[in-house]
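**Q** This is model-v1.pdb, which holds PDB, N, CA and C atoms:
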```pdb
ATOM      1  N   MET A  29       5.300   2.436  83.152
ATOM      2  CA  MET A  29       4.932   2.669  81.789
ATOM      3  C   MET A  29       3.634   3.478  81.771
ATOM      4  N   PRO A  30       3.675   4.712  81.265
ATOM      5  CA  PRO A  30       2.489   5.562  81.353
ATOM      6  C   PRO A  30       1.301   5.064  80.535
ATOM      7  N   ASP A  31       1.540   4.496  79.364
ATOM      8  CA  ASP A  31       0.445   4.041  78.521
ATOM      9  C   ASP A  31       0.786   2.658  77.994
ATOM     10  N   SER A  32       0.121   1.641  78.526
ATOM     11  CA  SER A  32       0.442   0.275  78.127
ATOM     12  C   SER A  32      -0.449  -0.226  76.989
ATOM     13  N   GLU A  33      -1.311   0.645  76.449
ATOM     14  CA  GLU A  33      -2.168   0.251  75.335
ATOM     15  C   GLU A  33      -1.331   0.102  74.068
ATOM     16  N   PRO A  34      -1.679  -0.874  73.224
ATOM     17  CA  PRO A  34      -0.942  -1.021  71.966
ATOM     18  C   PRO A  34      -1.212   0.159  71.037
ATOM     19  N   VAL A  35      -0.249   0.454  70.193
ATOM     20  CA  VAL A  35      -0.400   1.536  69.233
ATOM     21  C   VAL A  35      -1.414   1.145  68.153
ATOM     22  N   PHE A  36      -1.437  -0.152  67.813
ATOM     23  CA  PHE A  36      -2.323  -0.643  66.764
ATOM     24  C   PHE A  36      -3.352  -1.576  67.372
ATOM     25  N   SER A  37      -4.571  -1.508  66.860
ATOM     26  CA  SER A  37      -5.632  -2.383  67.365
ATOM     27  C   SER A  37      -5.487  -3.812  66.864
ATOM     28  N   GLU A  38      -4.979  -3.966  65.652
ATOM     29  CA  GLU A  38      -4.844  -5.277  65.024
ATOM     30  C   GLU A  38      -3.465  -5.380  64.371
ATOM     31  N   PRO A  39      -2.915  -6.573  64.268
ATOM     32  CA  PRO A  39      -1.601  -6.730  63.634
ATOM     33  C   PRO A  39      -1.547  -6.202  62.199
ATOM     34  N   TRP A  40      -2.633  -6.344  61.439
ATOM     35  CA  TRP A  40      -2.612  -5.885  60.054
ATOM     36  C   TRP A  40      -2.397  -4.378  59.969
ATOM     37  N   GLU A  41      -2.845  -3.646  60.982
ATOM     38  CA  GLU A  41      -2.641  -2.198  60.981
ATOM     39  C   GLU A  41      -1.152  -1.869  61.050
ATOM     40  N   ALA A  42      -0.434  -2.585  61.893
ATOM     41  CA  ALA A  42       1.012  -2.379  61.997
ATOM     42  C   ALA A  42       1.706  -2.743  60.697
ATOM     43  N   HIS A  43       1.238  -3.794  60.046
ATOM     44  CA  HIS A  43       1.830  -4.203  58.767
ATOM     45  C   HIS A  43       1.590  -3.140  57.701
ATOM     46  N   ALA A  44       0.363  -2.603  57.643
ATOM     47  CA  ALA A  44       0.046  -1.566  56.659
ATOM     48  C   ALA A  44       0.892  -0.319  56.914
ATOM     49  N   PHE A  45       1.030   0.046  58.171
ATOM     50  CA  PHE A  45       1.852   1.201  58.535
ATOM     51  C   PHE A  45       3.295   0.979  58.096
ATOM     52  N   GLY A  46       3.840  -0.174  58.466
ATOM     53  CA  GLY A  46       5.229  -0.480  58.127
ATOM     54  C   GLY A  46       5.466  -0.551  56.631
ATOM     55  N   LEU A  47       4.502  -1.065  55.901
ATOM     56  CA  LEU A  47       4.642  -1.164  54.450
ATOM     57  C   LEU A  47       4.704   0.224  53.817
ATOM     58  N   ALA A  48       3.836   1.126  54.249
ATOM     59  CA  ALA A  48       3.854   2.488  53.708
ATOM     60  C   ALA A  48       5.183   3.176  54.022
ATOM     61  N   VAL A  49       5.654   3.042  55.241
ATOM     62  CA  VAL A  49       6.934   3.663  55.625
ATOM     63  C   VAL A  49       8.075   3.063  54.810
ATOM     64  N   THR A  50       8.125   1.758  54.710
ATOM     65  CA  THR A  50       9.203   1.085  53.989
ATOM     66  C   THR A  50       9.220   1.459  52.508
ATOM     67  N   LEU A  51       8.051   1.477  51.870
ATOM     68  CA  LEU A  51       7.994   1.825  50.452
ATOM     69  C   LEU A  51       8.394   3.281  50.216
ATOM     70  N   SER A  52       8.014   4.156  51.138
ATOM     71  CA  SER A  52       8.419   5.556  51.016
ATOM     72  C   SER A  52       9.932   5.699  51.207
ATOM     73  N   GLU A  53      10.454   5.030  52.218
ATOM     74  CA  GLU A  53      11.901   5.091  52.462
ATOM     75  C   GLU A  53      12.692   4.506  51.291
ATOM     76  N   ALA A  54      12.096   3.564  50.558
ATOM     77  CA  ALA A  54      12.753   2.968  49.400
ATOM     78  C   ALA A  54      12.675   3.884  48.172
ATOM     79  N   GLY A  55      11.975   5.000  48.300
ATOM     80  CA  GLY A  55      11.904   5.963  47.214
ATOM     81  C   GLY A  55      10.810   5.695  46.199
ATOM     82  N   LEU A  56       9.875   4.813  46.513
ATOM     83  CA  LEU A  56       8.807   4.508  45.561
ATOM     84  C   LEU A  56       7.736   5.589  45.526
ATOM     85  N   PHE A  57       7.638   6.365  46.592
ATOM     86  CA  PHE A  57       6.802   7.557  46.637
ATOM     87  C   PHE A  57       7.304   8.420  47.795
ATOM     88  N   THR A  58       7.025   9.705  47.720
ATOM     89  CA  THR A  58       7.451  10.600  48.796
ATOM     90  C   THR A  58       6.418  10.573  49.916
ATOM     91  N   TRP A  59       6.835  11.007  51.084
ATOM     92  CA  TRP A  59       5.879  11.054  52.193
ATOM     93  C   TRP A  59       4.814  12.104  51.918
ATOM     94  N   GLY A  60       5.162  13.160  51.193
ATOM     95  CA  GLY A  60       4.175  14.164  50.798
ATOM     96  C   GLY A  60       3.106  13.575  49.890
ATOM     97  N   GLU A  61       3.522  12.741  48.931
ATOM     98  CA  GLU A  61       2.552  12.072  48.060
ATOM     99  C   GLU A  61       1.644  11.177  48.900
ATOM    100  N   TRP A  62       2.257  10.430  49.804
ATOM    101  CA  TRP A  62       1.506   9.535  50.680
ATOM    102  C   TRP A  62       0.475  10.307  51.494
ATOM    103  N   SER A  63       0.917  11.405  52.098
ATOM    104  CA  SER A  63       0.027  12.213  52.943
ATOM    105  C   SER A  63      -1.153  12.758  52.158
ATOM    106  N   ALA A  64      -0.903  13.204  50.930
ATOM    107  CA  ALA A  64      -1.972  13.754  50.096
ATOM    108  C   ALA A  64      -3.010  12.683  49.757
ATOM    109  N   VAL A  65      -2.562  11.489  49.404
ATOM    110  CA  VAL A  65      -3.497  10.407  49.060
ATOM    111  C   VAL A  65      -4.287   9.978  50.294
ATOM    112  N   LEU A  66      -3.622   9.887  51.441
ATOM    113  CA  LEU A  66      -4.319   9.520  52.672
ATOM    114  C   LEU A  66      -5.351  10.586  53.040
ATOM    115  N   ALA A  67      -4.978  11.856  52.933
ATOM    116  CA  ALA A  67      -5.913  12.934  53.256
ATOM    117  C   ALA A  67      -7.137  12.879  52.348
ATOM    118  N   GLU A  68      -6.928  12.597  51.069
ATOM    119  CA  GLU A  68      -8.058  12.488  50.141
ATOM    120  C   GLU A  68      -8.933  11.290  50.485
ATOM    121  N   GLU A  69      -8.329  10.188  50.883
ATOM    122  CA  GLU A  69      -9.112   9.005  51.261
ATOM    123  C   GLU A  69      -9.950   9.288  52.503
ATOM    124  N   VAL A  70      -9.390   9.968  53.479
ATOM    125  CA  VAL A  70     -10.148  10.321  54.687
ATOM    126  C   VAL A  70     -11.280  11.279  54.327
ATOM    127  N   ALA A  71     -10.999  12.254  53.446
ATOM    128  CA  ALA A  71     -12.036  13.196  53.017
ATOM    129  C   ALA A  71     -13.147  12.471  52.256
ATOM    130  N   ALA A  72     -12.784  11.515  51.401
ATOM    131  CA  ALA A  72     -13.784  10.745  50.655
ATOM    132  C   ALA A  72     -14.662   9.945  51.609
ATOM    133  N   ALA A  73     -14.061   9.373  52.643
ATOM    134  CA  ALA A  73     -14.838   8.620  53.634
ATOM    135  C   ALA A  73     -15.831   9.536  54.342
ATOM    136  N   LYS A  74     -15.394  10.731  54.643
ATOM    137  CA  LYS A  74     -16.280  11.696  55.295
ATOM    138  C   LYS A  74     -17.447  12.055  54.368
ATOM    139  N   ARG A  75     -17.140  12.254  53.075
ATOM    140  CA  ARG A  75     -18.204  12.560  52.111
ATOM    141  C   ARG A  75     -19.194  11.405  51.980
ATOM    142  N   ARG A  76     -18.700  10.167  52.159
ATOM    143  CA  ARG A  76     -19.585   8.990  52.101
ATOM    144  C   ARG A  76     -20.418   8.844  53.371
ATOM    145  N   GLY A  77     -20.132   9.677  54.365
ATOM    146  CA  GLY A  77     -20.891   9.632  55.610
ATOM    147  C   GLY A  77     -20.357   8.657  56.635
ATOM    148  N   GLU A  78     -19.125   8.164  56.419
ATOM    149  CA  GLU A  78     -18.534   7.244  57.388
ATOM    150  C   GLU A  78     -18.205   8.000  58.671
ATOM    151  N   PRO A  79     -18.333   7.339  59.826
ATOM    152  CA  PRO A  79     -18.040   8.012  61.091
ATOM    153  C   PRO A  79     -16.567   8.437  61.163
ATOM    154  N   ASP A  80     -16.339   9.586  61.764
ATOM    155  CA  ASP A  80     -14.984  10.121  61.909
ATOM    156  C   ASP A  80     -14.550   9.969  63.368
ATOM    157  N   ASP A  81     -14.580   8.713  63.848
ATOM    158  CA  ASP A  81     -14.243   8.462  65.246
ATOM    159  C   ASP A  81     -12.896   7.761  65.415
ATOM    160  N   GLY A  82     -12.152   7.616  64.324
ATOM    161  CA  GLY A  82     -10.828   6.996  64.385
ATOM    162  C   GLY A  82     -10.833   5.493  64.255
ATOM    163  N   SER A  83     -11.997   4.866  64.337
ATOM    164  CA  SER A  83     -12.056   3.406  64.313
ATOM    165  C   SER A  83     -11.710   2.823  62.948
ATOM    166  N   ARG A  84     -11.808   3.626  61.896
ATOM    167  CA  ARG A  84     -11.541   3.131  60.545
ATOM    168  C   ARG A  84     -10.274   3.750  59.943
ATOM    169  N   TYR A  85      -9.470   4.383  60.777
ATOM    170  CA  TYR A  85      -8.295   5.093  60.277
ATOM    171  C   TYR A  85      -7.384   4.192  59.446
ATOM    172  N   TYR A  86      -7.084   3.000  59.934
ATOM    173  CA  TYR A  86      -6.170   2.134  59.184
ATOM    174  C   TYR A  86      -6.843   1.479  57.981
ATOM    175  N   HIS A  87      -8.158   1.460  57.938
ATOM    176  CA  HIS A  87      -8.853   1.056  56.713
ATOM    177  C   HIS A  87      -8.589   2.119  55.645
ATOM    178  N   HIS A  88      -8.647   3.389  56.049
ATOM    179  CA  HIS A  88      -8.334   4.484  55.124
ATOM    180  C   HIS A  88      -6.859   4.421  54.718
ATOM    181  N   TRP A  89      -6.011   4.119  55.686
ATOM    182  CA  TRP A  89      -4.568   4.003  55.435
ATOM    183  C   TRP A  89      -4.321   2.947  54.352
ATOM    184  N   LEU A  90      -4.949   1.793  54.502
ATOM    185  CA  LEU A  90      -4.770   0.705  53.550
ATOM    186  C   LEU A  90      -5.344   1.071  52.180
ATOM    187  N   ALA A  91      -6.524   1.675  52.167
ATOM    188  CA  ALA A  91      -7.124   2.087  50.891
ATOM    189  C   ALA A  91      -6.227   3.101  50.188
ATOM    190  N   ALA A  92      -5.674   4.033  50.935
ATOM    191  CA  ALA A  92      -4.772   5.032  50.353
ATOM    192  C   ALA A  92      -3.513   4.369  49.810
ATOM    193  N   LEU A  93      -2.991   3.408  50.525
ATOM    194  CA  LEU A  93      -1.795   2.696  50.067
ATOM    195  C   LEU A  93      -2.092   1.963  48.763
ATOM    196  N   GLU A  94      -3.229   1.301  48.690
ATOM    197  CA  GLU A  94      -3.604   0.597  47.465
ATOM    198  C   GLU A  94      -3.748   1.569  46.298
ATOM    199  N   LEU A  95      -4.368   2.730  46.534
ATOM    200  CA  LEU A  95      -4.510   3.735  45.481
ATOM    201  C   LEU A  95      -3.157   4.238  44.995
ATOM    202  N   LEU A  96      -2.285   4.528  45.924
ATOM    203  CA  LEU A  96      -0.969   5.052  45.564
ATOM    204  C   LEU A  96      -0.153   4.009  44.801
ATOM    205  N   LEU A  97      -0.217   2.773  45.218
ATOM    206  CA  LEU A  97       0.497   1.710  44.510
ATOM    207  C   LEU A  97      -0.011   1.571  43.075
ATOM    208  N   ALA A  98      -1.325   1.705  42.896
ATOM    209  CA  ALA A  98      -1.891   1.622  41.549
ATOM    210  C   ALA A  98      -1.498   2.852  40.727
ATOM    211  N   GLU A  99      -1.573   4.052  41.333
ATOM    212  CA  GLU A  99      -1.189   5.284  40.629
ATOM    213  C   GLU A  99       0.261   5.225  40.151
ATOM    214  N   LYS A 100       1.116   4.643  40.950
ATOM    215  CA  LYS A 100       2.543   4.557  40.633
ATOM    216  C   LYS A 100       2.869   3.343  39.770
ATOM    217  N   ASN A 101       1.844   2.577  39.390
ATOM    218  CA  ASN A 101       2.024   1.356  38.601
ATOM    219  C   ASN A 101       2.970   0.367  39.281
ATOM    220  N   LEU A 102       2.885   0.312  40.602
ATOM    221  CA  LEU A 102       3.689  -0.630  41.371
ATOM    222  C   LEU A 102       2.974  -1.966  41.522
ATOM    223  N   VAL A 103       1.671  -1.952  41.290
ATOM    224  CA  VAL A 103       0.876  -3.178  41.294
ATOM    225  C   VAL A 103      -0.310  -2.940  40.364
ATOM    226  N   SER A 104      -0.662  -3.956  39.606
ATOM    227  CA  SER A 104      -1.815  -3.800  38.717
ATOM    228  C   SER A 104      -3.095  -4.054  39.513
ATOM    229  N   PRO A 105      -4.166  -3.353  39.182
ATOM    230  CA  PRO A 105      -5.432  -3.596  39.889
ATOM    231  C   PRO A 105      -5.864  -5.062  39.856
ATOM    232  N   PRO A 106      -5.727  -5.786  38.719
ATOM    233  CA  PRO A 106      -6.112  -7.213  38.766
ATOM    234  C   PRO A 106      -5.247  -8.029  39.735
ATOM    235  N   SER A 107      -3.957  -7.735  39.782
ATOM    236  CA  SER A 107      -3.078  -8.454  40.718
ATOM    237  C   SER A 107      -3.461  -8.154  42.160
ATOM    238  N   LEU A 108      -3.774  -6.902  42.425
ATOM    239  CA  LEU A 108      -4.173  -6.518  43.779
ATOM    240  C   LEU A 108      -5.475  -7.212  44.168
ATOM    241  N   ARG A 109      -6.458  -7.209  43.262
ATOM    242  CA  ARG A 109      -7.729  -7.898  43.555
ATOM    243  C   ARG A 109      -7.507  -9.386  43.806
ATOM    244  N   ALA A 110      -6.663 -10.000  42.984
ATOM    245  CA  ALA A 110      -6.392 -11.434  43.154
ATOM    246  C   ALA A 110      -5.741 -11.710  44.504
ATOM    247  N   ARG A 111      -4.779 -10.883  44.894
ATOM    248  CA  ARG A 111      -4.103 -11.092  46.184
ATOM    249  C   ARG A 111      -5.070 -10.885  47.336
ATOM    250  N   LYS A 112      -5.932  -9.883  47.240
ATOM    251  CA  LYS A 112      -6.911  -9.656  48.298
ATOM    252  C   LYS A 112      -7.853 -10.847  48.427
ATOM    253  N   GLU A 113      -8.241 -11.428  47.294
ATOM    254  CA  GLU A 113      -9.113 -12.606  47.333
ATOM    255  C   GLU A 113      -8.379 -13.805  47.935
ATOM    256  N   GLU A 114      -7.088 -13.934  47.634
ATOM    257  CA  GLU A 114      -6.300 -15.019  48.234
ATOM    258  C   GLU A 114      -6.288 -14.877  49.755
ATOM    259  N   TRP A 115      -6.094 -13.653  50.241
ATOM    260  CA  TRP A 115      -6.098 -13.425  51.691
ATOM    261  C   TRP A 115      -7.480 -13.694  52.281
ATOM    262  N   ALA A 116      -8.538 -13.262  51.572
ATOM    263  CA  ALA A 116      -9.896 -13.503  52.072
ATOM    264  C   ALA A 116     -10.175 -15.000  52.169
ATOM    265  N   GLU A 117      -9.757 -15.746  51.161
ATOM    266  CA  GLU A 117      -9.949 -17.203  51.182
ATOM    267  C   GLU A 117      -9.133 -17.834  52.308
ATOM    268  N   ALA A 118      -7.910 -17.365  52.497
ATOM    269  CA  ALA A 118      -7.078 -17.894  53.589
ATOM    270  C   ALA A 118      -7.740 -17.621  54.938
ATOM    271  N   TYR A 119      -8.323 -16.437  55.082
ATOM    272  CA  TYR A 119      -9.024 -16.079  56.318
ATOM    273  C   TYR A 119     -10.210 -17.015  56.545
ATOM    274  N   ARG A 120     -10.971 -17.275  55.480
ATOM    275  CA  ARG A 120     -12.158 -18.129  55.613
ATOM    276  C   ARG A 120     -11.808 -19.566  55.990
ATOM    277  N   ARG A 121     -10.670 -20.069  55.549
ATOM    278  CA  ARG A 121     -10.326 -21.473  55.827
ATOM    279  C   ARG A 121      -9.493 -21.651  57.100
ATOM    280  N   THR A 122      -9.091 -20.563  57.734
ATOM    281  CA  THR A 122      -8.228 -20.650  58.912
ATOM    282  C   THR A 122      -9.066 -20.754  60.182
ATOM    283  N   PRO A 123      -8.811 -21.764  61.005
ATOM    284  CA  PRO A 123      -9.543 -21.886  62.271
ATOM    285  C   PRO A 123      -9.305 -20.667  63.178
ATOM    286  N   HIS A 124     -10.340 -20.316  63.927
ATOM    287  CA  HIS A 124     -10.258 -19.188  64.854
ATOM    288  C   HIS A 124      -9.057 -19.353  65.789
ATOM    289  N   GLY A 125      -8.317 -18.273  65.973
ATOM    290  CA  GLY A 125      -7.172 -18.290  66.876
ATOM    291  C   GLY A 125      -5.869 -18.720  66.231
ATOM    292  N   THR A 126      -5.937 -19.133  64.983
ATOM    293  CA  THR A 126      -4.745 -19.566  64.250
ATOM    294  C   THR A 126      -4.313 -18.440  63.322
ATOM    295  N   PRO A 127      -3.015 -18.174  63.219
ATOM    296  CA  PRO A 127      -2.577 -17.112  62.304
ATOM    297  C   PRO A 127      -2.983 -17.424  60.860
ATOM    298  N   VAL A 128      -3.415 -16.399  60.157
ATOM    299  CA  VAL A 128      -3.794 -16.539  58.759
ATOM    300  C   VAL A 128      -2.527 -16.440  57.914
ATOM    301  N   THR A 129      -2.335 -17.411  57.046
ATOM    302  CA  THR A 129      -1.168 -17.411  56.164
ATOM    303  C   THR A 129      -1.609 -17.773  54.752
ATOM    304  N   LEU A 130      -0.807 -17.350  53.796
ATOM    305  CA  LEU A 130      -1.029 -17.741  52.408
ATOM    306  C   LEU A 130      -0.127 -18.910  52.093
ATOM    307  N   GLU A 131      -0.647 -19.846  51.341
ATOM    308  CA  GLU A 131       0.198 -20.924  50.854
ATOM    309  C   GLU A 131       1.091 -20.333  49.774
ATOM    310  N   THR A 132       2.365 -20.718  49.756
ATOM    311  CA  THR A 132       3.237 -20.199  48.719
ATOM    312  C   THR A 132       2.919 -20.812  47.375
ATOM    313  N   ASP A 133       2.468 -22.051  47.370
ATOM    314  CA  ASP A 133       2.053 -22.723  46.143
ATOM    315  C   ASP A 133       0.842 -23.565  46.485
ATOM    316  N   PRO A 134      -0.350 -23.155  46.027
ATOM    317  CA  PRO A 134      -1.530 -23.916  46.401
ATOM    318  C   PRO A 134      -1.586 -25.316  45.810
ATOM    319  N   HIS A 135      -0.725 -25.603  44.811
ATOM    320  CA  HIS A 135      -0.709 -26.920  44.191
ATOM    321  C   HIS A 135       0.737 -27.430  44.129
ATOM    322  N   PRO A 136       1.326 -27.716  45.296
ATOM    323  CA  PRO A 136       2.722 -28.149  45.280
ATOM    324  C   PRO A 136       2.888 -29.481  44.554
ATOM    325  N   VAL A 137       3.985 -29.588  43.891
ATOM    326  CA  VAL A 137       4.312 -30.825  43.184
ATOM    327  C   VAL A 137       5.226 -31.629  44.094
ATOM    328  N   SER A 138       4.810 -32.826  44.440
ATOM    329  CA  SER A 138       5.646 -33.644  45.310
ATOM    330  C   SER A 138       6.726 -34.345  44.479
ATOM    331  N   ALA A 139       7.807 -34.684  45.125
ATOM    332  CA  ALA A 139       8.894 -35.380  44.443
ATOM    333  C   ALA A 139       8.382 -36.690  43.888
ATOM    334  N   GLY A 140       8.825 -37.032  42.698
ATOM    335  CA  GLY A 140       8.437 -38.286  42.103
ATOM    336  C   GLY A 140       7.196 -38.221  41.254
ATOM    337  N   ARG A 141       6.535 -37.049  41.182
ATOM    338  CA  ARG A 141       5.351 -36.908  40.335
ATOM    339  C   ARG A 141       5.705 -36.399  38.985
TER
END
```
What do you get writing this file as structure tokens?
**A**
Amino acid sequence: MPDSEPVFSEPWEAHAFGLAVTLSEAGLFTWGEWSAVLAEEVAAAKRRGEPDDGSRYYHHWLAALELLLAEKNLVSPPSLRARKEEWAEAYRRTPHGTPVTLETDPHPVSAGR
């Protein structure tokens, strides 16, 4: 195997990549639209003075995906903020080394209540 390094540094990067590909293949946006938004996000990062060393590429990828989803009205900004906060809270309460997951219902109703 010539290169045994992983393509993605973190699992979330692979998820963000797969989500963009899947949504484009489903016809929710074209790959050209996606490329334009990503290019603008990378350019904006450069204007902000962020390093252009590739270490933040998937952060730009995710930011571009969020922008495109909002532009296409596929998710409302308040819903997106709420979901991001849910993930942040899940991350904070998850012990190191344990996969981070969201509870499907934070207040489950048990039988008989």
**Q** With a cut-off of 8 Å, could you pull out the residues of stretch 66-140 of chain A touching stretch 46-60 of chain A and give me the nearest pair of atoms for each, distance in Å to one decimal, using only N, CA and C atoms, ordered by chain and ascending number, as a tab-separated table?
**A**
```
residue	atom	partner	partner_atom	distance
A:Leu66	N	A:Gly60	C	7.8
A:Leu93	CA	A:Ala48	CA	6.7
A:Lys100	CA	A:Leu56	C	7.2
```
**Q** Give me, as a VMD selection string, all polymer residues having an atom no more than 8 Å from stretch 110-117 of chain A, counting only N, CA and C atoms and skipping those fewer than 4 positions away in the same chain.
**A** chain A and resid 104 to 106 121 to 122 128 to 131
**Q** Atom CA of A:Glu99 to atom C of A:Trp62: how many Å, to one decimal?
**A** 12.1 Å
**Q** What is the distance between atom N of A:His87 and atom C of A:Glu41, in Å to one decimal?
**A** 8.4 Å
**Q** Could you tell me which residues the PyMOL selection byres (((chain A and resi 73 and name CA) around 12) and name CA) grabs in this file, written as an MDAnalysis selection string?
**A** chainID A and resid 66:72 74:82 84:85 87:89 91:92
**Q** Quick one: what's the axis-aligned box for stretch 45-64 of chain A, all listed atoms, 8 Å on every side, centre and edges in Å to one decimal, as JSON?
**A**
```
{"center_x": 4.9, "center_y": 6.5, "center_z": 52.0, "size_x": 31.8, "size_y": 31.3, "size_z": 29.0}
```
**Q** Which of these residues is nearest to A:Leu97, using only C-alpha atoms: A:Ala118, A:Phe45, A:Gly125, A:Val65?
**A** A:Val65
**Q** For the atom pair atom CA of A:Ser63 and atom CA of A:Tyr86, what is the interatomic distance in Å to one decimal place?
**A**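 Those two atoms sit 13.4 Å apart.
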**Q** Would you return as JSON, numbers by chain the members of stretch 33-120 of chain A that DSSP assigns to alpha helix (DSSP H) on this structure's backbone?
**A** {"A": [39, 40, 41, 42, 43, 44, 45, 46, 47, 48, 49, 50, 51, 52, 53, 59, 60, 61, 62, 63, 64, 65, 66, 67, 68, 69, 70, 71, 72, 73, 74, 75, 85, 86, 87, 88, 89, 90, 91, 92, 93, 94, 95, 96, 97, 98, 99, 105, 106, 107, 108, 109, 110, 111, 112, 113, 114, 115, 116, 117, 118, 119, 120]}
